[in-house]
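S.K.: I am sharing input.cif, which consists of mmCIF, C-alpha atoms and all ligand atoms:
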```cif
data_input
loop_
_atom_site.label_atom_id
_atom_site.label_comp_id
_atom_site.auth_asym_id
_atom_site.auth_seq_id
_atom_site.Cartn_x
_atom_site.Cartn_y
_atom_site.Cartn_z
CA MET L 1 -50.70 39.25 -31.71
CA SER L 2 -51.87 36.98 -34.53
CA GLU L 3 -52.93 34.16 -32.25
CA PHE L 4 -55.53 33.03 -34.74
CA VAL L 5 -52.63 32.19 -37.07
CA TYR L 6 -49.88 30.96 -34.71
CA ALA L 7 -50.31 28.93 -31.55
CA PRO L 8 -48.05 31.00 -29.26
CA LYS L 9 -45.04 29.22 -27.80
CA PRO L 10 -44.67 29.21 -24.01
CA ILE L 11 -41.53 31.36 -23.91
CA GLU L 12 -41.25 35.04 -24.75
CA ILE L 13 -38.01 35.93 -26.52
CA VAL L 14 -36.42 39.35 -26.04
CA GLY L 15 -32.79 38.92 -27.07
CA GLY L 16 -30.34 37.00 -29.20
CA ASP L 17 -26.60 36.40 -29.04
CA GLY L 18 -24.82 34.04 -31.43
CA SER L 19 -26.42 30.60 -31.24
CA TYR L 20 -28.62 31.59 -28.28
CA LEU L 21 -31.99 33.27 -27.78
CA ILE L 22 -32.83 34.84 -24.43
CA ASP L 23 -36.27 35.00 -22.83
CA THR L 24 -37.87 37.56 -20.52
CA ALA L 25 -36.55 35.72 -17.46
CA GLY L 26 -32.98 35.83 -18.80
CA GLU L 27 -32.97 32.09 -19.67
CA GLN L 28 -30.78 31.17 -22.65
CA TYR L 29 -31.92 28.73 -25.32
CA LEU L 30 -29.63 27.10 -27.86
CA ASP L 31 -31.42 27.99 -31.11
CA ALA L 32 -30.96 24.77 -33.08
CA GLY L 33 -33.63 25.93 -35.53
CA ALA L 34 -31.87 29.28 -36.21
CA SER L 35 -35.32 30.88 -35.90
CA PHE L 36 -36.71 28.90 -38.84
CA GLY L 37 -33.37 29.09 -40.66
CA CYS L 38 -33.19 32.90 -40.52
CA ALA L 39 -30.03 33.27 -38.42
CA PRO L 40 -27.28 31.60 -40.47
CA VAL L 41 -24.56 33.78 -38.91
CA GLY L 42 -26.13 33.63 -35.45
CA HIS L 43 -28.24 36.24 -33.69
CA CYS L 44 -27.09 39.86 -33.62
CA HIS L 45 -23.81 39.26 -35.45
CA PRO L 46 -21.92 42.57 -35.02
CA THR L 47 -21.18 42.92 -38.75
CA VAL L 48 -24.89 42.62 -39.53
CA VAL L 49 -25.97 44.89 -36.68
CA ASP L 50 -23.48 47.58 -37.74
CA ALA L 51 -24.56 47.37 -41.38
CA ILE L 52 -28.24 47.78 -40.47
CA GLN L 53 -27.54 50.69 -38.12
CA GLU L 54 -25.31 52.46 -40.61
CA GLN L 55 -27.83 52.05 -43.44
CA ALA L 56 -30.76 53.14 -41.26
CA SER L 57 -28.98 56.34 -40.33
CA SER L 58 -28.22 57.33 -43.94
CA LEU L 59 -31.25 56.08 -45.90
CA THR L 60 -34.01 53.91 -44.53
CA PHE L 61 -35.88 53.41 -47.79
CA VAL L 62 -35.94 54.28 -51.44
CA GLN L 63 -37.99 52.31 -53.92
CA GLY L 64 -36.20 49.83 -56.19
CA SER L 65 -36.59 51.80 -59.41
CA TYR L 66 -34.06 54.35 -58.03
CA PRO L 67 -30.52 52.98 -58.17
CA ASN L 68 -29.01 52.75 -54.71
CA PRO L 69 -25.42 51.64 -54.02
CA THR L 70 -26.29 49.22 -51.21
CA ARG L 71 -28.88 47.47 -53.37
CA THR L 72 -26.62 47.51 -56.43
CA SER L 73 -23.78 45.89 -54.54
CA LEU L 74 -26.12 43.15 -53.29
CA VAL L 75 -27.38 42.47 -56.81
CA LYS L 76 -23.78 42.20 -58.04
CA ARG L 77 -22.83 39.95 -55.13
CA LEU L 78 -25.77 37.62 -55.73
CA ALA L 79 -25.06 37.54 -59.47
CA SER L 80 -21.52 36.41 -58.71
CA LEU L 81 -22.76 33.80 -56.23
CA GLY L 82 -25.54 32.44 -58.45
CA PRO L 83 -24.89 28.93 -59.73
CA GLY L 84 -23.49 28.90 -63.30
CA ASP L 85 -25.18 31.54 -65.41
CA CYS L 86 -28.08 32.22 -63.00
CA THR L 87 -26.87 35.81 -62.83
CA ASN L 88 -30.06 37.88 -63.20
CA VAL L 89 -31.43 38.90 -59.81
CA TRP L 90 -34.92 39.88 -58.62
CA LEU L 91 -35.18 40.97 -54.99
CA CYS L 92 -38.32 40.60 -52.90
CA ASN L 93 -39.33 40.15 -49.27
CA SER L 94 -39.88 36.46 -48.51
CA GLY L 95 -39.54 32.90 -49.73
CA THR L 96 -43.07 32.62 -50.99
CA GLU L 97 -42.64 35.82 -53.03
CA ALA L 98 -39.40 34.52 -54.53
CA ASN L 99 -41.30 31.42 -55.68
CA GLU L 100 -44.28 33.46 -56.92
CA ALA L 101 -41.84 35.39 -59.11
CA ALA L 102 -40.18 32.15 -60.25
CA ILE L 103 -43.51 30.65 -61.33
CA LYS L 104 -44.55 33.87 -63.10
CA PHE L 105 -41.19 34.24 -64.86
CA ALA L 106 -41.25 30.60 -66.01
CA ARG L 107 -44.80 30.87 -67.33
CA SER L 108 -44.06 34.08 -69.15
CA ALA L 109 -40.71 32.97 -70.61
CA THR L 110 -42.08 29.64 -71.88
CA ASP L 111 -45.56 30.89 -72.79
CA ARG L 112 -46.87 27.73 -71.12
CA SER L 113 -48.83 27.25 -67.91
CA ALA L 114 -48.37 23.72 -66.54
CA ILE L 115 -46.24 23.25 -63.42
CA VAL L 116 -44.89 19.97 -62.08
CA ALA L 117 -44.21 19.84 -58.33
CA THR L 118 -43.47 17.04 -55.88
CA THR L 119 -45.22 15.24 -53.06
CA ARG L 120 -44.17 16.60 -49.66
CA GLY L 121 -42.74 19.72 -51.32
CA PHE L 122 -43.14 23.08 -49.56
CA HIS L 123 -42.85 26.35 -51.47
CA GLY L 124 -44.81 28.90 -49.44
CA ARG L 125 -48.32 30.02 -48.62
CA THR L 126 -49.35 32.70 -51.12
CA MET L 127 -51.69 31.44 -53.82
CA GLY L 128 -49.15 30.56 -56.53
CA SER L 129 -46.53 29.04 -54.22
CA LEU L 130 -49.25 27.33 -52.20
CA SER L 131 -50.51 25.72 -55.40
CA ALA L 132 -47.09 24.03 -55.71
CA THR L 133 -47.06 23.10 -52.00
CA TRP L 134 -48.20 19.56 -51.46
CA LYS L 135 -49.64 19.25 -47.94
CA PRO L 136 -53.43 18.97 -48.25
CA ALA L 137 -54.03 20.64 -44.86
CA TYR L 138 -52.28 23.80 -46.09
CA ARG L 139 -54.13 23.82 -49.43
CA GLN L 140 -57.67 22.66 -48.93
CA PRO L 141 -59.20 25.64 -47.07
CA PHE L 142 -58.10 27.95 -49.89
CA GLU L 143 -59.06 25.96 -52.97
CA PRO L 144 -59.43 26.40 -55.86
CA LEU L 145 -55.72 27.15 -56.38
CA LEU L 146 -53.85 27.13 -59.71
CA ASP L 147 -55.30 24.12 -61.51
CA ASP L 148 -52.45 23.44 -63.90
CA ILE L 149 -50.26 21.70 -61.32
CA GLU L 150 -49.34 18.01 -61.17
CA PHE L 151 -47.59 16.39 -58.20
CA VAL L 152 -45.17 13.51 -58.71
CA PRO L 153 -43.43 11.48 -55.98
CA PHE L 154 -40.26 13.28 -54.79
CA GLY L 155 -37.13 11.39 -55.82
CA ASP L 156 -38.81 9.37 -58.59
CA ALA L 157 -37.07 10.43 -61.81
CA GLU L 158 -39.23 8.20 -64.02
CA ALA L 159 -42.48 9.68 -62.72
CA LEU L 160 -41.09 13.15 -63.34
CA GLU L 161 -39.99 12.28 -66.88
CA THR L 162 -43.51 11.04 -67.62
CA ALA L 163 -45.14 14.18 -66.20
CA VAL L 164 -42.92 16.72 -68.00
CA THR L 165 -44.15 17.39 -71.54
CA GLU L 166 -43.89 20.12 -74.13
CA GLU L 167 -46.76 21.85 -72.29
CA THR L 168 -44.77 22.14 -69.05
CA ALA L 169 -43.70 25.64 -68.07
CA ALA L 170 -41.64 24.53 -65.07
CA VAL L 171 -40.70 21.89 -62.58
CA ILE L 172 -40.37 23.34 -59.08
CA ILE L 173 -38.43 21.32 -56.59
CA GLU L 174 -36.37 21.54 -53.38
CA PRO L 175 -32.96 19.85 -53.73
CA ILE L 176 -33.50 18.44 -50.23
CA GLN L 177 -37.01 18.77 -48.84
CA GLY L 178 -37.09 20.66 -45.53
CA GLU L 179 -40.60 21.06 -44.16
CA GLY L 180 -41.68 17.79 -45.82
CA GLY L 181 -39.43 15.72 -43.52
CA VAL L 182 -35.81 16.45 -44.52
CA ASN L 183 -35.94 14.11 -47.53
CA VAL L 184 -32.77 13.60 -49.56
CA PRO L 185 -33.39 12.40 -53.13
CA PRO L 186 -31.38 9.53 -54.65
CA ASP L 187 -28.07 10.39 -56.36
CA GLY L 188 -28.60 11.51 -59.93
CA TYR L 189 -32.15 12.79 -59.34
CA LEU L 190 -31.39 16.49 -59.86
CA THR L 191 -29.42 15.64 -63.01
CA ALA L 192 -32.45 13.74 -64.30
CA VAL L 193 -34.69 16.73 -63.50
CA ARG L 194 -32.25 18.98 -65.34
CA GLU L 195 -32.12 16.72 -68.41
CA CYS L 196 -35.84 16.22 -68.78
CA THR L 197 -36.74 19.90 -68.28
CA GLU L 198 -34.10 20.92 -70.78
CA SER L 199 -35.27 18.51 -73.45
CA ALA L 200 -38.93 19.61 -72.97
CA GLY L 201 -38.02 23.32 -73.07
CA ALA L 202 -39.37 23.73 -69.53
CA ALA L 203 -37.73 25.77 -66.77
CA MET L 204 -36.14 24.01 -63.80
CA ILE L 205 -36.92 26.02 -60.64
CA LEU L 206 -34.81 25.05 -57.64
CA ASP L 207 -36.21 26.25 -54.35
CA GLU L 208 -33.05 26.72 -52.23
CA ILE L 209 -34.85 28.80 -49.60
CA GLN L 210 -33.95 26.32 -46.89
CA THR L 211 -30.93 24.57 -48.46
CA GLY L 212 -28.98 27.56 -49.80
CA LEU L 213 -26.30 29.91 -48.45
CA GLY L 214 -23.96 27.16 -47.29
CA ARG L 215 -26.40 25.24 -45.12
CA THR L 216 -25.95 21.82 -46.74
CA GLY L 217 -22.15 22.06 -46.94
CA SER L 218 -22.01 23.55 -50.44
CA PHE L 219 -23.04 27.14 -51.09
CA TRP L 220 -26.10 25.95 -53.04
CA ALA L 221 -27.22 22.35 -52.69
CA CYS L 222 -27.26 22.14 -56.49
CA ASP L 223 -23.50 22.85 -56.57
CA ALA L 224 -22.89 19.46 -54.95
CA ALA L 225 -25.06 17.80 -57.60
CA GLY L 226 -23.29 19.63 -60.43
CA VAL L 227 -26.61 21.01 -61.70
CA VAL L 228 -27.45 24.56 -62.78
CA PRO L 229 -31.19 25.33 -62.74
CA ASP L 230 -32.90 27.97 -64.89
CA ILE L 231 -34.27 29.70 -61.79
CA LEU L 232 -33.09 29.51 -58.19
CA THR L 233 -34.91 30.99 -55.21
CA THR L 234 -33.44 31.97 -51.85
CA ALA L 235 -34.76 33.78 -48.74
CA LYS L 236 -34.90 32.92 -45.00
CA GLY L 237 -31.46 33.86 -43.59
CA ILE L 238 -30.17 35.83 -46.55
CA ALA L 239 -30.55 39.10 -44.59
CA SER L 240 -30.34 37.55 -41.11
CA GLY L 241 -34.10 37.80 -40.66
CA VAL L 242 -34.68 41.25 -42.14
CA PRO L 243 -37.36 40.30 -44.70
CA MET L 244 -35.76 39.46 -48.03
CA GLY L 245 -36.01 36.90 -50.80
CA ALA L 246 -34.33 36.64 -54.19
CA THR L 247 -35.05 34.96 -57.49
CA LEU L 248 -31.96 34.31 -59.60
CA CYS L 249 -32.35 33.28 -63.22
CA ARG L 250 -30.65 32.60 -66.53
CA GLN L 251 -30.78 35.05 -69.39
CA TRP L 252 -33.53 33.29 -71.38
CA ILE L 253 -35.83 33.54 -68.34
CA ALA L 254 -34.92 37.19 -67.66
CA ASP L 255 -35.53 38.04 -71.34
CA GLY L 256 -39.09 36.70 -71.17
CA ALA L 257 -39.86 37.36 -67.50
CA GLY L 258 -42.85 39.65 -68.12
CA PRO L 259 -44.04 42.53 -65.95
CA HIS L 260 -43.47 42.11 -62.22
CA GLY L 261 -42.73 44.44 -59.32
CA SER L 262 -42.94 45.17 -55.62
CA THR L 263 -42.75 48.39 -53.60
CA PHE L 264 -40.20 46.95 -51.17
CA SER L 265 -37.96 45.11 -53.66
CA GLY L 266 -34.41 45.28 -52.30
CA SER L 267 -35.07 47.81 -49.56
CA PRO L 268 -31.74 49.40 -48.54
CA ILE L 269 -31.92 48.12 -44.94
CA ALA L 270 -32.60 44.55 -46.07
CA ALA L 271 -29.91 44.88 -48.73
CA ALA L 272 -27.38 46.13 -46.15
CA ALA L 273 -28.23 43.21 -43.86
CA ALA L 274 -27.91 40.77 -46.78
CA ASN L 275 -24.54 42.17 -47.91
CA ALA L 276 -23.24 41.83 -44.35
CA THR L 277 -24.66 38.31 -43.90
CA LEU L 278 -23.17 37.07 -47.17
CA GLU L 279 -19.85 38.69 -46.28
CA VAL L 280 -19.76 36.87 -42.93
CA ILE L 281 -20.69 33.54 -44.55
CA GLU L 282 -17.77 33.97 -46.94
CA GLU L 283 -15.21 35.37 -44.50
CA MET L 284 -15.86 32.77 -41.81
CA ASN L 285 -15.92 29.89 -44.35
CA LEU L 286 -19.33 28.96 -42.98
CA THR L 287 -20.13 26.63 -45.88
CA GLU L 288 -17.14 24.45 -44.90
CA GLN L 289 -18.07 24.82 -41.22
CA ALA L 290 -21.59 23.57 -41.97
CA ALA L 291 -20.12 20.49 -43.63
CA VAL L 292 -17.78 19.79 -40.70
CA HIS L 293 -20.27 20.33 -37.85
CA GLY L 294 -23.04 18.60 -39.82
CA GLU L 295 -20.82 15.54 -40.22
CA THR L 296 -20.08 15.51 -36.46
CA LEU L 297 -23.76 15.82 -35.58
CA MET L 298 -24.84 13.11 -38.04
CA SER L 299 -22.12 10.65 -37.05
CA THR L 300 -22.51 11.18 -33.29
CA LEU L 301 -26.27 10.75 -33.45
CA THR L 302 -25.95 7.75 -35.78
CA GLU L 303 -23.48 6.03 -33.44
CA SER L 304 -25.61 6.68 -30.35
CA THR L 305 -27.79 3.90 -29.00
CA LEU L 306 -30.86 6.08 -29.24
CA ASP L 307 -34.07 4.82 -30.73
CA ILE L 308 -33.99 6.94 -33.87
CA LYS L 309 -35.57 5.37 -36.96
CA ALA L 310 -33.59 7.39 -39.49
CA ILE L 311 -31.20 10.33 -39.67
CA ARG L 312 -31.26 12.26 -42.94
CA GLY L 313 -29.77 15.43 -44.36
CA HIS L 314 -26.62 17.18 -45.48
CA GLY L 315 -24.48 19.70 -43.60
CA LEU L 316 -26.56 21.55 -41.02
CA LEU L 317 -29.97 20.55 -42.38
CA ILE L 318 -30.68 17.36 -40.47
CA GLY L 319 -33.86 15.43 -39.78
CA LEU L 320 -34.22 12.80 -37.06
CA ASP L 321 -37.15 10.44 -37.56
CA VAL L 322 -37.93 9.73 -33.93
CA ARG L 323 -40.97 7.47 -34.54
CA ARG L 324 -43.19 9.61 -32.30
CA GLY L 325 -44.62 13.11 -32.08
CA ALA L 326 -41.79 15.47 -33.01
CA ASN L 327 -43.86 18.35 -31.63
CA VAL L 328 -43.89 16.85 -28.15
CA LEU L 329 -40.16 16.17 -28.29
CA ALA L 330 -39.44 19.72 -29.51
CA LYS L 331 -41.44 21.14 -26.60
CA GLN L 332 -39.62 18.92 -24.10
CA LEU L 333 -36.23 19.94 -25.55
CA ALA L 334 -37.18 23.61 -25.16
CA ILE L 335 -38.64 23.49 -21.68
CA ASP L 336 -36.42 20.85 -20.02
CA HIS L 337 -33.15 21.29 -21.90
CA GLY L 338 -33.15 24.87 -23.23
CA ILE L 339 -32.82 23.76 -26.86
CA LEU L 340 -35.05 25.08 -29.64
CA THR L 341 -35.70 22.78 -32.62
CA MET L 342 -38.44 22.43 -35.23
CA PRO L 343 -40.59 19.54 -36.34
CA ALA L 344 -40.72 18.62 -40.04
CA GLY L 345 -43.87 16.57 -40.32
CA ARG L 346 -45.31 14.35 -37.59
CA SER L 347 -42.29 12.31 -36.53
CA VAL L 348 -39.24 14.22 -37.79
CA LEU L 349 -37.28 16.60 -35.57
CA ARG L 350 -35.47 19.16 -37.73
CA LEU L 351 -32.07 20.61 -36.78
CA LEU L 352 -31.18 23.79 -38.62
CA PRO L 353 -28.74 25.59 -36.30
CA PRO L 354 -26.79 28.74 -37.16
CA LEU L 355 -23.85 27.92 -39.43
CA THR L 356 -21.69 29.61 -36.77
CA ILE L 357 -22.45 26.87 -34.23
CA ASP L 358 -19.24 25.71 -32.51
CA ALA L 359 -18.05 22.32 -31.27
CA ALA L 360 -19.19 22.93 -27.67
CA GLU L 361 -22.66 23.91 -28.86
CA VAL L 362 -22.84 20.83 -31.09
CA GLU L 363 -22.04 18.76 -28.00
CA GLN L 364 -24.73 20.57 -25.99
CA LEU L 365 -27.22 19.82 -28.75
CA VAL L 366 -26.36 16.11 -28.89
CA THR L 367 -26.42 15.77 -25.10
CA GLY L 368 -29.81 17.51 -24.92
CA ILE L 369 -31.33 15.28 -27.62
CA GLU L 370 -29.97 12.15 -25.93
CA ALA L 371 -31.40 13.22 -22.58
CA ALA L 372 -34.80 14.10 -24.05
CA LEU L 373 -35.08 10.82 -25.94
CA ASP L 374 -33.97 8.84 -22.85
CA GLN L 375 -36.53 10.72 -20.78
CA GLU L 376 -39.25 9.80 -23.32
CA ALA L 377 -38.17 6.15 -23.45
CA SER L 378 -38.36 5.78 -19.67
CA ALA L 379 -41.65 7.72 -19.34
C1 LIG I 1 -38.24 25.40 -49.12
C2 LIG I 1 -39.09 26.57 -48.73
N1 LIG I 1 -39.68 27.29 -49.69
C3 LIG I 1 -40.44 28.36 -49.39
C4 LIG I 1 -40.66 28.75 -48.10
C5 LIG I 1 -41.52 29.94 -47.79
O1 LIG I 1 -40.77 30.98 -47.28
P1 LIG I 1 -41.48 32.21 -46.48
O2 LIG I 1 -42.02 31.63 -45.23
O3 LIG I 1 -40.39 33.20 -46.29
O4 LIG I 1 -42.55 32.71 -47.37
C6 LIG I 1 -40.07 28.02 -47.06
C7 LIG I 1 -40.32 28.39 -45.65
O5 LIG I 1 -40.20 27.61 -44.75
C8 LIG I 1 -39.27 26.91 -47.38
O6 LIG I 1 -38.69 26.16 -46.44
#
```
What is this structure when it is put down as structure tokens?
M.R.:
Amino acid sequence: MSEFVYAPKPIEIVGGDGSYLIDTAGEQYLDAGASFGCAPVGHCHPTVVDAIQEQASSLTFVQGSYPNPTRTSLVKRLASLGPGDCTNVWLCNSGTEANEAAIKFARSATDRSAIVATTRGFHGRTMGSLSATWKPAYRQPFEPLLDDIEFVPFGDAEALETAVTEETAAVIIEPIQGEGGVNVPPDGYLTAVRECTESAGAAMILDEIQTGLGRTGSFWACDAAGVVPDILTTAKGIASGVPMGATLCRQWIADGAGPHGSTFSGSPIAAAAANATLEVIEEMNLTEQAAVHGETLMSTLTESTLDIKAIRGHGLLIGLDVRRGANVLAKQLAIDHGILTMPAGRSVLRLLPPLTIDAAEVEQLVTGIEAALDQEASA
């Protein structure tokens, strides 16, 4: 076990069923973090399980340069789901790889090197994506990283307009920041990013790895803003946790993308899991469900008398600024109330439940949070 990388959590998980994870003692936990956003259709959804089993029994792997019907149908599906004309698809194995590809494609297509990123942004931990990730603690031990990167305050359109010049290859941005604290930019911000990148001839990269696939109540968060980026990245739950990421781009980026590749690009098992996951999201109207349940969660928590400094987010990406250590609260929720959540920064508790969460589970989540916060207040 990679204990030098992860501090192990005090429960050992052996099973999953819908919104719940099950530990070795048979205890059930409401997974309000969807295993870091990787279970949008819940754990072990039968459509996904069947698709994986069926694919594994006919062809476990063939490299991406050989056409394969499962992979081809995923590429077509993603092309049809891509925002606007983001219809060219590169498949990879994780979020950080999707962003690595995005940065490479943008540099190659523009023949420029400078990247503009934002404070509190998170784009992954491989060297290119890490260079665009803001948190000093993640970056410093590995420096020097890419040196042609400038950070501007997230949400500040004027600062971005000043930073983007005719030397800029790309702006990389999350439409709503996840890891950085669930930060929602002001209205009009993404439009301003779109306008200034377009007039400078730079690529707009939208990292929708956490916000995409219906989570924020529109299929992509950029749909709600009416903005089409040049490059969009997705990963996390796209294949229900079977490793997969994708980089979608417009034609001018694809035309100049440059050489890139990966042995495991669009592996048939991951592609089968992704086809099934996307099918379930569509058939169960999970984007609309995320909007409905997100609204209930936000309004119930906002109306409660709890000492919460701020509640931010859209759909089922919600951050509660609880003024105190979110880590401690997350641990208490897990151990005392059987609810798994994730921190996003020091004081923000992040809720990212499966999009399949139902009304009773939403109520369980609210009740658990209320009890945990009450418990803290009276401690
Ligand atoms: C917005 C965003 N970008 C990129 C990543 C990196 O994805 P991965 O951990 O799959 O490399 C994450 C992961 O949390 C993320 O939230």
S.K.: Name the closest residue to ligand LIG 1 (chain I) among the candidates L:Leu206, L:Ala192, L:Leu333, L:Ile231; distances are taken between atoms, counting only C-alpha atoms and all ligand atoms.
M.R.: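 Looking at the shortest contact to ligand LIG 1 (chain I), the residue is L:Leu206.
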S.K.: List all protein, DNA and RNA residues that have an atom no more than 6 Å from any atom of ligand LIG 1 (chain I), counting only C-alpha atoms and all ligand atoms, and report them as an MDAnalysis selection string.
M.R.: chainID L and resid 94:96 122:124 178:179 207 209:210 236
S.K.: So how many Å separate atom CA of L:Asn93 and atom CA of L:His260, to one decimal?
M.R.: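 Between these atoms lies a distance of 13.7 Å.
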S.K.: Can you tell me, as JSON, numbers by chain, what residues are no more than 6 Å from L:Val41 when counting all atoms listed in the file, ignoring any on the same chain fewer than 5 positions away?
M.R.: {"L": [354, 355, 356]}
S.K.: Quick one: write out the picked residues with C-alpha atoms as a PDB file, in the coordinates of the input?
M.R.:
```pdb
ATOM      1  CA  PRO L 354     -26.790  28.740 -37.160  1.00  0.00           C
ATOM      2  CA  LEU L 355     -23.850  27.920 -39.430  1.00  0.00           C
ATOM      3  CA  THR L 356     -21.690  29.610 -36.770  1.00  0.00           C
TER       4      THR L 356
END
```
S.K.: Could you list, as a ChimeraX atom specification, every residue within 12 Å of stretch 11-23 of chain L, counting only C-alpha atoms and ignoring same-chain residues fewer than 4 positions away?
M.R.: /L:7,27-35,37-46,48-49,240,331,334-335,338-340,352-362,364-365
